[in-house]
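Dropping run11.cif in here (mmCIF, N, CA and C atoms):
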data_run
#
loop_
_atom_site.label_atom_id
_atom_site.label_comp_id
_atom_site.auth_asym_id
_atom_site.auth_seq_id
_atom_site.Cartn_x
_atom_site.Cartn_y
_atom_site.Cartn_z
N MET A 1 -41.74 5.90 26.27
CA MET A 1 -40.66 5.08 26.77
C MET A 1 -39.85 4.47 25.62
N LEU A 2 -40.56 3.96 24.59
CA LEU A 2 -39.90 3.35 23.44
C LEU A 2 -39.09 4.38 22.66
N GLN A 3 -39.64 5.61 22.53
CA GLN A 3 -38.92 6.67 21.83
C GLN A 3 -37.65 7.06 22.59
N THR A 4 -37.72 7.10 23.88
CA THR A 4 -36.56 7.43 24.69
C THR A 4 -35.47 6.37 24.53
N ALA A 5 -35.87 5.11 24.50
CA ALA A 5 -34.91 4.02 24.32
C ALA A 5 -34.25 4.11 22.95
N ARG A 6 -35.03 4.41 21.91
CA ARG A 6 -34.47 4.55 20.55
C ARG A 6 -33.50 5.72 20.48
N TYR A 7 -33.91 6.83 21.12
CA TYR A 7 -33.06 8.01 21.14
C TYR A 7 -31.73 7.70 21.83
N LEU A 8 -31.80 7.05 22.98
CA LEU A 8 -30.59 6.69 23.71
C LEU A 8 -29.70 5.74 22.90
N LYS A 9 -30.33 4.79 22.23
CA LYS A 9 -29.56 3.86 21.40
C LYS A 9 -28.84 4.61 20.29
N THR A 10 -29.54 5.55 19.66
CA THR A 10 -28.93 6.35 18.59
C THR A 10 -27.77 7.19 19.13
N GLU A 11 -27.96 7.80 20.29
CA GLU A 11 -26.90 8.60 20.90
C GLU A 11 -25.68 7.75 21.25
N VAL A 12 -25.93 6.58 21.81
CA VAL A 12 -24.82 5.67 22.16
C VAL A 12 -24.07 5.27 20.89
N GLN A 13 -24.80 4.97 19.83
CA GLN A 13 -24.14 4.59 18.56
C GLN A 13 -23.32 5.75 18.02
N ARG A 14 -23.86 6.96 18.09
CA ARG A 14 -23.15 8.15 17.60
C ARG A 14 -21.87 8.37 18.40
N GLU A 15 -21.96 8.29 19.71
CA GLU A 15 -20.79 8.48 20.57
C GLU A 15 -19.75 7.37 20.37
N THR A 16 -20.23 6.14 20.18
CA THR A 16 -19.32 5.03 19.91
C THR A 16 -18.56 5.26 18.62
N ARG A 17 -19.26 5.73 17.58
CA ARG A 17 -18.63 6.02 16.29
C ARG A 17 -17.58 7.11 16.45
N LYS A 18 -17.90 8.17 17.21
CA LYS A 18 -16.95 9.26 17.44
C LYS A 18 -15.70 8.74 18.13
N MET A 19 -15.90 7.89 19.14
CA MET A 19 -14.78 7.35 19.88
C MET A 19 -13.90 6.47 18.97
N LYS A 20 -14.53 5.62 18.18
CA LYS A 20 -13.76 4.76 17.27
C LYS A 20 -13.00 5.59 16.25
N ASP A 21 -13.65 6.63 15.72
CA ASP A 21 -12.98 7.50 14.75
C ASP A 21 -11.78 8.21 15.40
N SER A 22 -11.95 8.64 16.63
CA SER A 22 -10.87 9.32 17.36
C SER A 22 -9.69 8.38 17.58
N ILE A 23 -9.99 7.16 17.98
CA ILE A 23 -8.93 6.16 18.20
C ILE A 23 -8.20 5.87 16.89
N ALA A 24 -8.96 5.71 15.80
CA ALA A 24 -8.36 5.44 14.49
C ALA A 24 -7.47 6.60 14.05
N GLU A 25 -7.91 7.82 14.30
CA GLU A 25 -7.13 9.00 13.91
C GLU A 25 -5.84 9.08 14.72
N LYS A 26 -5.91 8.80 16.01
CA LYS A 26 -4.70 8.81 16.85
C LYS A 26 -3.72 7.72 16.41
N ARG A 27 -4.25 6.55 16.07
CA ARG A 27 -3.40 5.45 15.60
C ARG A 27 -2.72 5.84 14.29
N LYS A 28 -3.49 6.49 13.42
CA LYS A 28 -2.94 6.94 12.13
C LYS A 28 -1.82 7.96 12.34
N GLU A 29 -2.04 8.90 13.27
CA GLU A 29 -1.02 9.90 13.55
C GLU A 29 0.26 9.27 14.10
N ARG A 30 0.10 8.30 15.00
CA ARG A 30 1.28 7.60 15.54
C ARG A 30 2.03 6.86 14.43
N CYS A 31 1.28 6.23 13.56
CA CYS A 31 1.87 5.47 12.46
C CYS A 31 2.62 6.40 11.51
N HIS A 32 2.03 7.55 11.20
CA HIS A 32 2.67 8.51 10.30
C HIS A 32 3.98 9.02 10.89
N GLY A 33 4.05 9.10 12.20
CA GLY A 33 5.25 9.61 12.84
C GLY A 33 6.41 8.63 12.83
N LYS A 34 6.14 7.38 12.57
CA LYS A 34 7.21 6.38 12.56
C LYS A 34 7.88 6.38 11.20
N ARG A 35 9.18 6.30 11.22
CA ARG A 35 9.95 6.35 9.99
C ARG A 35 9.56 5.23 9.04
N MET A 36 9.43 4.02 9.54
CA MET A 36 9.12 2.87 8.69
C MET A 36 7.65 2.82 8.31
N HIS A 37 6.79 2.78 9.31
CA HIS A 37 5.38 2.52 9.06
C HIS A 37 4.67 3.68 8.37
N GLY A 38 5.28 4.84 8.36
CA GLY A 38 4.62 5.98 7.75
C GLY A 38 4.93 6.15 6.27
N GLN A 39 5.75 5.30 5.70
CA GLN A 39 6.13 5.46 4.29
C GLN A 39 4.94 5.44 3.35
N LEU A 40 4.15 4.39 3.39
CA LEU A 40 3.03 4.28 2.46
C LEU A 40 1.99 5.37 2.67
N PRO A 41 1.52 5.61 3.89
CA PRO A 41 0.53 6.68 4.06
C PRO A 41 1.02 8.04 3.56
N ARG A 42 2.30 8.36 3.82
CA ARG A 42 2.83 9.64 3.34
C ARG A 42 2.88 9.66 1.82
N THR A 43 3.23 8.54 1.21
CA THR A 43 3.28 8.47 -0.25
C THR A 43 1.89 8.64 -0.83
N LEU A 44 0.90 8.01 -0.24
CA LEU A 44 -0.47 8.09 -0.74
C LEU A 44 -1.02 9.51 -0.64
N GLU A 45 -0.63 10.23 0.39
CA GLU A 45 -1.11 11.61 0.56
C GLU A 45 -0.50 12.54 -0.48
N GLU A 46 0.70 12.23 -0.94
CA GLU A 46 1.39 13.10 -1.90
C GLU A 46 0.84 12.97 -3.32
N LYS A 47 0.22 11.86 -3.62
CA LYS A 47 -0.20 11.58 -4.98
C LYS A 47 -1.72 11.54 -5.06
N LEU A 48 -2.22 11.61 -6.27
CA LEU A 48 -3.66 11.48 -6.49
C LEU A 48 -4.00 10.00 -6.54
N VAL A 49 -4.30 9.44 -5.37
CA VAL A 49 -4.53 8.00 -5.24
C VAL A 49 -5.87 7.77 -4.58
N ASP A 50 -6.61 6.80 -5.09
CA ASP A 50 -7.85 6.38 -4.46
C ASP A 50 -7.46 5.45 -3.32
N ILE A 51 -7.45 5.98 -2.11
CA ILE A 51 -6.96 5.23 -0.96
C ILE A 51 -7.82 4.01 -0.68
N GLU A 52 -9.14 4.16 -0.81
CA GLU A 52 -10.03 3.02 -0.55
C GLU A 52 -9.71 1.86 -1.50
N GLN A 53 -9.52 2.16 -2.77
CA GLN A 53 -9.18 1.12 -3.74
C GLN A 53 -7.79 0.57 -3.50
N SER A 54 -6.88 1.41 -3.02
CA SER A 54 -5.52 0.96 -2.76
C SER A 54 -5.46 -0.09 -1.66
N TYR A 55 -6.36 0.00 -0.70
CA TYR A 55 -6.38 -0.94 0.41
C TYR A 55 -7.42 -2.04 0.24
N ARG A 56 -8.16 -2.02 -0.85
CA ARG A 56 -9.24 -2.98 -1.06
C ARG A 56 -8.75 -4.44 -1.02
N TRP A 57 -7.58 -4.68 -1.58
CA TRP A 57 -7.04 -6.04 -1.61
C TRP A 57 -6.81 -6.59 -0.21
N LEU A 58 -6.50 -5.71 0.75
CA LEU A 58 -6.31 -6.17 2.12
C LEU A 58 -7.62 -6.63 2.75
N LYS A 59 -8.69 -5.93 2.41
CA LYS A 59 -9.99 -6.23 3.00
C LYS A 59 -10.66 -7.42 2.32
N TYR A 60 -10.56 -7.49 0.99
CA TYR A 60 -11.29 -8.51 0.25
C TYR A 60 -10.41 -9.56 -0.42
N GLY A 61 -9.10 -9.36 -0.38
CA GLY A 61 -8.19 -10.29 -1.05
C GLY A 61 -8.13 -11.64 -0.35
N ASP A 62 -7.89 -12.66 -1.11
CA ASP A 62 -7.78 -14.00 -0.56
C ASP A 62 -6.34 -14.45 -0.73
N ILE A 63 -5.45 -13.88 0.11
CA ILE A 63 -4.04 -14.20 -0.01
C ILE A 63 -3.51 -14.70 1.33
N LYS A 64 -2.41 -15.39 1.27
CA LYS A 64 -1.78 -15.93 2.48
C LYS A 64 -1.19 -14.79 3.31
N GLY A 65 -1.06 -15.03 4.60
CA GLY A 65 -0.49 -14.03 5.50
C GLY A 65 0.93 -13.64 5.12
N GLU A 66 1.72 -14.62 4.68
CA GLU A 66 3.11 -14.33 4.29
C GLU A 66 3.15 -13.41 3.08
N THR A 67 2.25 -13.66 2.13
CA THR A 67 2.20 -12.82 0.93
C THR A 67 1.78 -11.41 1.29
N GLU A 68 0.78 -11.31 2.15
CA GLU A 68 0.31 -10.00 2.59
C GLU A 68 1.43 -9.23 3.28
N SER A 69 2.18 -9.88 4.16
CA SER A 69 3.24 -9.17 4.88
C SER A 69 4.36 -8.73 3.93
N THR A 70 4.64 -9.53 2.90
CA THR A 70 5.65 -9.14 1.91
C THR A 70 5.19 -7.91 1.14
N ILE A 71 3.93 -7.89 0.75
CA ILE A 71 3.40 -6.75 -0.01
C ILE A 71 3.39 -5.49 0.85
N VAL A 72 2.94 -5.62 2.08
CA VAL A 72 2.91 -4.45 2.98
C VAL A 72 4.33 -3.94 3.25
N ALA A 73 5.27 -4.85 3.42
CA ALA A 73 6.67 -4.43 3.63
C ALA A 73 7.17 -3.67 2.41
N ALA A 74 6.83 -4.15 1.23
CA ALA A 74 7.24 -3.45 0.00
C ALA A 74 6.60 -2.07 -0.07
N GLN A 75 5.32 -1.98 0.28
CA GLN A 75 4.64 -0.68 0.26
C GLN A 75 5.24 0.29 1.27
N ASP A 76 5.70 -0.24 2.38
CA ASP A 76 6.32 0.60 3.41
C ASP A 76 7.80 0.85 3.13
N GLN A 77 8.25 0.49 1.95
CA GLN A 77 9.66 0.68 1.56
C GLN A 77 10.59 -0.08 2.49
N ALA A 78 10.12 -1.21 3.03
CA ALA A 78 10.94 -1.99 3.97
C ALA A 78 11.67 -3.12 3.27
N SER A 79 11.68 -3.12 1.96
CA SER A 79 12.46 -4.11 1.22
C SER A 79 13.91 -3.65 1.22
N SER A 80 14.81 -4.56 1.01
CA SER A 80 16.23 -4.25 1.11
C SER A 80 16.74 -3.53 -0.13
N THR A 81 16.29 -2.30 -0.30
CA THR A 81 16.77 -1.47 -1.41
C THR A 81 17.87 -0.56 -0.88
N ASN A 82 18.56 0.10 -1.78
CA ASN A 82 19.59 1.05 -1.35
C ASN A 82 18.99 2.18 -0.53
N TYR A 83 17.79 2.62 -0.89
CA TYR A 83 17.10 3.67 -0.15
C TYR A 83 16.86 3.22 1.29
N PHE A 84 16.35 2.01 1.46
CA PHE A 84 16.08 1.45 2.78
C PHE A 84 17.36 1.36 3.61
N LYS A 85 18.40 0.85 2.98
CA LYS A 85 19.67 0.69 3.70
C LYS A 85 20.23 2.05 4.14
N ASN A 86 20.12 3.06 3.27
CA ASN A 86 20.67 4.37 3.56
C ASN A 86 19.81 5.16 4.54
N LYS A 87 18.52 5.26 4.27
CA LYS A 87 17.64 6.14 5.06
C LYS A 87 17.14 5.50 6.34
N ILE A 88 16.88 4.21 6.32
CA ILE A 88 16.29 3.55 7.49
C ILE A 88 17.37 2.90 8.36
N LEU A 89 18.22 2.09 7.72
CA LEU A 89 19.27 1.41 8.48
C LEU A 89 20.48 2.29 8.75
N LYS A 90 20.52 3.47 8.11
CA LYS A 90 21.60 4.45 8.29
C LYS A 90 22.96 3.90 7.91
N LYS A 91 23.00 3.08 6.87
CA LYS A 91 24.29 2.56 6.40
C LYS A 91 24.91 3.57 5.44
N GLU A 92 26.20 3.57 5.41
CA GLU A 92 26.94 4.44 4.51
C GLU A 92 26.94 3.83 3.11
N ILE A 93 25.82 4.01 2.43
CA ILE A 93 25.65 3.44 1.09
C ILE A 93 24.87 4.44 0.26
N GLU A 94 25.19 4.51 -1.02
CA GLU A 94 24.48 5.42 -1.93
C GLU A 94 23.03 4.96 -2.06
N SER A 95 22.09 5.89 -1.95
CA SER A 95 20.67 5.52 -2.02
C SER A 95 20.12 5.52 -3.44
N LYS A 96 20.94 5.87 -4.41
CA LYS A 96 20.50 5.89 -5.81
C LYS A 96 20.36 4.46 -6.35
N CYS A 97 19.54 4.34 -7.37
CA CYS A 97 19.27 3.05 -8.01
C CYS A 97 20.56 2.46 -8.58
N ARG A 98 20.75 1.17 -8.34
CA ARG A 98 21.94 0.49 -8.83
C ARG A 98 21.92 0.32 -10.34
N LEU A 99 20.74 0.41 -10.95
CA LEU A 99 20.65 0.22 -12.40
C LEU A 99 20.79 1.53 -13.15
N CYS A 100 19.92 2.50 -12.85
CA CYS A 100 19.94 3.75 -13.62
C CYS A 100 20.84 4.82 -12.99
N LYS A 101 21.09 4.70 -11.70
CA LYS A 101 21.94 5.63 -10.94
C LYS A 101 21.42 7.07 -10.99
N GLN A 102 20.11 7.24 -11.28
CA GLN A 102 19.53 8.58 -11.38
C GLN A 102 18.58 8.90 -10.23
N HIS A 103 17.78 7.92 -9.83
CA HIS A 103 16.72 8.15 -8.86
C HIS A 103 16.96 7.33 -7.60
N GLU A 104 16.25 7.73 -6.51
CA GLU A 104 16.32 6.96 -5.28
C GLU A 104 15.85 5.53 -5.56
N GLU A 105 16.56 4.54 -5.03
CA GLU A 105 16.19 3.15 -5.26
C GLU A 105 15.13 2.73 -4.23
N THR A 106 13.90 3.12 -4.51
CA THR A 106 12.76 2.73 -3.69
C THR A 106 12.03 1.59 -4.38
N PHE A 107 11.14 0.96 -3.65
CA PHE A 107 10.36 -0.12 -4.25
C PHE A 107 9.49 0.43 -5.38
N ASP A 108 8.92 1.61 -5.18
CA ASP A 108 8.11 2.22 -6.24
C ASP A 108 8.94 2.45 -7.50
N HIS A 109 10.14 2.94 -7.31
CA HIS A 109 11.01 3.19 -8.46
C HIS A 109 11.32 1.89 -9.21
N LEU A 110 11.65 0.84 -8.46
CA LEU A 110 12.01 -0.43 -9.09
C LEU A 110 10.81 -1.09 -9.80
N THR A 111 9.62 -0.91 -9.27
CA THR A 111 8.46 -1.56 -9.88
C THR A 111 7.81 -0.74 -10.99
N SER A 112 8.09 0.56 -11.04
CA SER A 112 7.40 1.32 -12.08
C SER A 112 8.12 2.56 -12.61
N GLY A 113 9.31 2.86 -12.12
CA GLY A 113 9.91 4.10 -12.55
C GLY A 113 11.32 4.06 -13.07
N CYS A 114 11.95 2.92 -13.07
CA CYS A 114 13.35 2.85 -13.51
C CYS A 114 13.43 2.80 -15.04
N PRO A 115 14.14 3.75 -15.65
CA PRO A 115 14.22 3.76 -17.11
C PRO A 115 14.94 2.54 -17.69
N ILE A 116 15.83 1.93 -16.93
CA ILE A 116 16.52 0.73 -17.41
C ILE A 116 15.55 -0.45 -17.45
N LEU A 117 14.76 -0.61 -16.38
CA LEU A 117 13.79 -1.71 -16.35
C LEU A 117 12.63 -1.48 -17.32
N ALA A 118 12.36 -0.23 -17.63
CA ALA A 118 11.23 0.08 -18.53
C ALA A 118 11.43 -0.50 -19.92
N LYS A 119 12.66 -0.67 -20.32
CA LYS A 119 12.93 -1.16 -21.67
C LYS A 119 12.41 -2.57 -21.90
N ASN A 120 12.53 -3.46 -20.91
CA ASN A 120 12.13 -4.85 -21.10
C ASN A 120 11.24 -5.40 -19.99
N GLU A 121 11.66 -5.22 -18.75
CA GLU A 121 10.99 -5.87 -17.63
C GLU A 121 9.54 -5.45 -17.47
N TYR A 122 9.26 -4.15 -17.56
CA TYR A 122 7.89 -3.68 -17.39
C TYR A 122 7.00 -4.19 -18.52
N LEU A 123 7.55 -4.22 -19.72
CA LEU A 123 6.80 -4.71 -20.88
C LEU A 123 6.47 -6.19 -20.71
N MET A 124 7.44 -6.98 -20.25
CA MET A 124 7.19 -8.40 -20.02
C MET A 124 6.14 -8.60 -18.94
N ARG A 125 6.21 -7.81 -17.86
CA ARG A 125 5.22 -7.91 -16.78
C ARG A 125 3.84 -7.54 -17.31
N HIS A 126 3.77 -6.49 -18.11
CA HIS A 126 2.52 -6.05 -18.71
C HIS A 126 1.92 -7.16 -19.57
N ASP A 127 2.75 -7.77 -20.38
CA ASP A 127 2.27 -8.84 -21.26
C ASP A 127 1.77 -10.04 -20.47
N LYS A 128 2.45 -10.37 -19.37
CA LYS A 128 2.00 -11.49 -18.53
C LYS A 128 0.65 -11.19 -17.89
N VAL A 129 0.48 -9.98 -17.41
CA VAL A 129 -0.80 -9.59 -16.82
C VAL A 129 -1.91 -9.65 -17.86
N CYS A 130 -1.63 -9.15 -19.05
CA CYS A 130 -2.64 -9.19 -20.12
C CYS A 130 -2.98 -10.62 -20.52
N THR A 131 -1.99 -11.48 -20.56
CA THR A 131 -2.24 -12.89 -20.88
C THR A 131 -3.13 -13.53 -19.82
N HIS A 132 -2.82 -13.26 -18.57
CA HIS A 132 -3.63 -13.81 -17.47
C HIS A 132 -5.05 -13.26 -17.53
N PHE A 133 -5.19 -11.97 -17.78
CA PHE A 133 -6.51 -11.35 -17.88
C PHE A 133 -7.30 -11.97 -19.03
N HIS A 134 -6.67 -12.12 -20.17
CA HIS A 134 -7.31 -12.70 -21.34
C HIS A 134 -7.79 -14.12 -21.03
N TYR A 135 -6.93 -14.90 -20.41
CA TYR A 135 -7.28 -16.27 -20.03
C TYR A 135 -8.46 -16.29 -19.07
N SER A 136 -8.44 -15.38 -18.08
CA SER A 136 -9.53 -15.32 -17.10
C SER A 136 -10.87 -14.96 -17.76
N VAL A 137 -10.83 -14.05 -18.70
CA VAL A 137 -12.05 -13.67 -19.41
C VAL A 137 -12.58 -14.85 -20.21
N LEU A 138 -11.68 -15.55 -20.90
CA LEU A 138 -12.11 -16.73 -21.66
C LEU A 138 -12.69 -17.79 -20.76
N GLN A 139 -12.07 -18.02 -19.60
CA GLN A 139 -12.59 -19.00 -18.65
C GLN A 139 -13.97 -18.62 -18.15
N SER A 140 -14.19 -17.34 -17.86
CA SER A 140 -15.50 -16.91 -17.36
C SER A 140 -16.57 -17.02 -18.44
N LEU A 141 -16.20 -16.84 -19.69
CA LEU A 141 -17.18 -16.97 -20.79
C LEU A 141 -17.52 -18.44 -21.04
N ARG A 142 -16.60 -19.31 -20.72
CA ARG A 142 -16.78 -20.73 -20.94
C ARG A 142 -17.81 -21.30 -19.97
N HIS A 143 -17.92 -20.72 -18.78
CA HIS A 143 -18.82 -21.26 -17.74
C HIS A 143 -20.14 -20.64 -17.78
#

For this file, write the structure as structure tokens.
Amino acid sequence: MLQTARYLKTEVQRETRKMKDSIAEKRKERCHGKRMHGQLPRTLEEKLVDIEQSYRWLKYGDIKGETESTIVAAQDQASSTNYFKNKILKKEIESKCRLCKQHEETFDHLTSGCPILAKNEYLMRHDKVCTHFHYSVLQSLRH
């Protein structure tokens, strides 16, 4: 009797997992089909990206809801860039970067790919991150 109960419990758990996985897969497919919400997942599939690590901050991060929504909007290319205005809002506007005029003005391009910003802005951001990291290491050694 006890073995039968264990077997049934295991089967129910297995079927529950299958059902949850199926629901998650259908939700993912619906999301991919949407012009806005599918931006980040499609981008992640195109590149060699550790998806689990990419979403880790959402699961374990200690950030405010407003900050989270801003970051997710940026990842979904929902920031007010020329690309967003042209491709999503369908405005008659050039989708190229206003600075370099070479590449699509996406959030990814502005944060890591614009040759104009690479000269100074990325270096300053890098230095700030390194300063913060250095300070954090010193603080952890102090305690």

**Message:** One decimal, in Å: what's the spacing between atom CA of Ala74 of chain A and atom CA of Phe107 of chain A?
**Reply:** 6.2 Å

**Request:** Would you mind writing down, as a ChimeraX atom specification, each residue of chain A that DSSP on the backbone assigns to helix (DSSP H, G or I)?
**Result:** /A:2-33,39-46,51-60,65-75,82-88,107-112,115-118,121-142

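The space between atom N of Ile23 of chain A and atom C of Thr10 of chain A spans 17.8 Å.
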
**Asked** Rounded to one decimal in Å, what is the spacing between atom N of Gln75 of chain A and atom C of Ser136 of chain A?
**Response** 27.5 Å

**Message:** From the options A:Arg17, A:Thr81, A:Glu11, A:Asp108, which residue's atoms come nearest to Glu94 of chain A, counting only C-alpha atoms?
**Reply:** A:Thr81

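Each of A:Glu29, A:Arg142, A:Lys128, A:Cys97 was checked against Cys114 of chain A using only C-alpha atoms; the smallest atom-to-atom distance is that of A:Cys97.
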
**Request:** Quick one: residues within 12 Å of (9.9, 1.7, -13.1) (file frame), counting only C-alpha atoms, please, as a PyMOL selection string.
**Result:** chain A and resi 97+99-100+102-123+125

Would you mind exporting segment 17-33 of chain A with N, CA and C atoms, as a PDB file, in the first residue's frame?
ATOM      1  N   ARG A  17       4.932  18.415 -13.414  1.00  0.00           N
ATOM      2  CA  ARG A  17       6.106  19.050 -14.014  1.00  0.00           C
ATOM      3  C   ARG A  17       5.914  19.173 -15.518  1.00  0.00           C
ATOM      4  N   LYS A  18       5.403  18.120 -16.172  1.00  0.00           N
ATOM      5  CA  LYS A  18       5.161  18.162 -17.615  1.00  0.00           C
ATOM      6  C   LYS A  18       4.177  19.270 -17.964  1.00  0.00           C
ATOM      7  N   MET A  19       3.108  19.366 -17.170  1.00  0.00           N
ATOM      8  CA  MET A  19       2.089  20.369 -17.421  1.00  0.00           C
ATOM      9  C   MET A  19       2.671  21.779 -17.249  1.00  0.00           C
ATOM     10  N   LYS A  20       3.428  21.990 -16.189  1.00  0.00           N
ATOM     11  CA  LYS A  20       4.034  23.307 -15.959  1.00  0.00           C
ATOM     12  C   LYS A  20       5.003  23.654 -17.075  1.00  0.00           C
ATOM     13  N   ASP A  21       5.800  22.678 -17.513  1.00  0.00           N
ATOM     14  CA  ASP A  21       6.740  22.921 -18.607  1.00  0.00           C
ATOM     15  C   ASP A  21       5.998  23.268 -19.899  1.00  0.00           C
ATOM     16  N   SER A  22       4.899  22.586 -20.146  1.00  0.00           N
ATOM     17  CA  SER A  22       4.089  22.849 -21.340  1.00  0.00           C
ATOM     18  C   SER A  22       3.504  24.255 -21.305  1.00  0.00           C
ATOM     19  N   ILE A  23       2.987  24.644 -20.156  1.00  0.00           N
ATOM     20  CA  ILE A  23       2.427  25.993 -20.003  1.00  0.00           C
ATOM     21  C   ILE A  23       3.506  27.045 -20.205  1.00  0.00           C
ATOM     22  N   ALA A  24       4.685  26.816 -19.617  1.00  0.00           N
ATOM     23  CA  ALA A  24       5.801  27.763 -19.758  1.00  0.00           C
ATOM     24  C   ALA A  24       6.233  27.877 -21.213  1.00  0.00           C
ATOM     25  N   GLU A  25       6.266  26.757 -21.924  1.00  0.00           N
ATOM     26  CA  GLU A  25       6.668  26.766 -23.327  1.00  0.00           C
ATOM     27  C   GLU A  25       5.651  27.522 -24.183  1.00  0.00           C
ATOM     28  N   LYS A  26       4.366  27.318 -23.923  1.00  0.00           N
ATOM     29  CA  LYS A  26       3.328  28.044 -24.671  1.00  0.00           C
ATOM     30  C   LYS A  26       3.399  29.545 -24.390  1.00  0.00           C
ATOM     31  N   ARG A  27       3.650  29.902 -23.133  1.00  0.00           N
ATOM     32  CA  ARG A  27       3.778  31.313 -22.769  1.00  0.00           C
ATOM     33  C   ARG A  27       4.984  31.931 -23.484  1.00  0.00           C
ATOM     34  N   LYS A  28       6.072  31.176 -23.534  1.00  0.00           N
ATOM     35  CA  LYS A  28       7.285  31.649 -24.213  1.00  0.00           C
ATOM     36  C   LYS A  28       7.019  31.863 -25.702  1.00  0.00           C
ATOM     37  N   GLU A  29       6.308  30.922 -26.325  1.00  0.00           N
ATOM     38  CA  GLU A  29       5.986  31.053 -27.746  1.00  0.00           C
ATOM     39  C   GLU A  29       5.115  32.273 -28.020  1.00  0.00           C
ATOM     40  N   ARG A  30       4.127  32.506 -27.154  1.00  0.00           N
ATOM     41  CA  ARG A  30       3.270  33.689 -27.310  1.00  0.00           C
ATOM     42  C   ARG A  30       4.092  34.973 -27.171  1.00  0.00           C
ATOM     43  N   CYS A  31       4.982  34.973 -26.209  1.00  0.00           N
ATOM     44  CA  CYS A  31       5.820  36.152 -25.956  1.00  0.00           C
ATOM     45  C   CYS A  31       6.739  36.413 -27.149  1.00  0.00           C
ATOM     46  N   HIS A  32       7.328  35.359 -27.701  1.00  0.00           N
ATOM     47  CA  HIS A  32       8.223  35.510 -28.851  1.00  0.00           C
ATOM     48  C   HIS A  32       7.486  36.083 -30.055  1.00  0.00           C
ATOM     49  N   GLY A  33       6.210  35.776 -30.164  1.00  0.00           N
ATOM     50  CA  GLY A  33       5.440  36.249 -31.298  1.00  0.00           C
ATOM     51  C   GLY A  33       5.080  37.718 -31.222  1.00  0.00           C
TER      52      GLY A  33
END
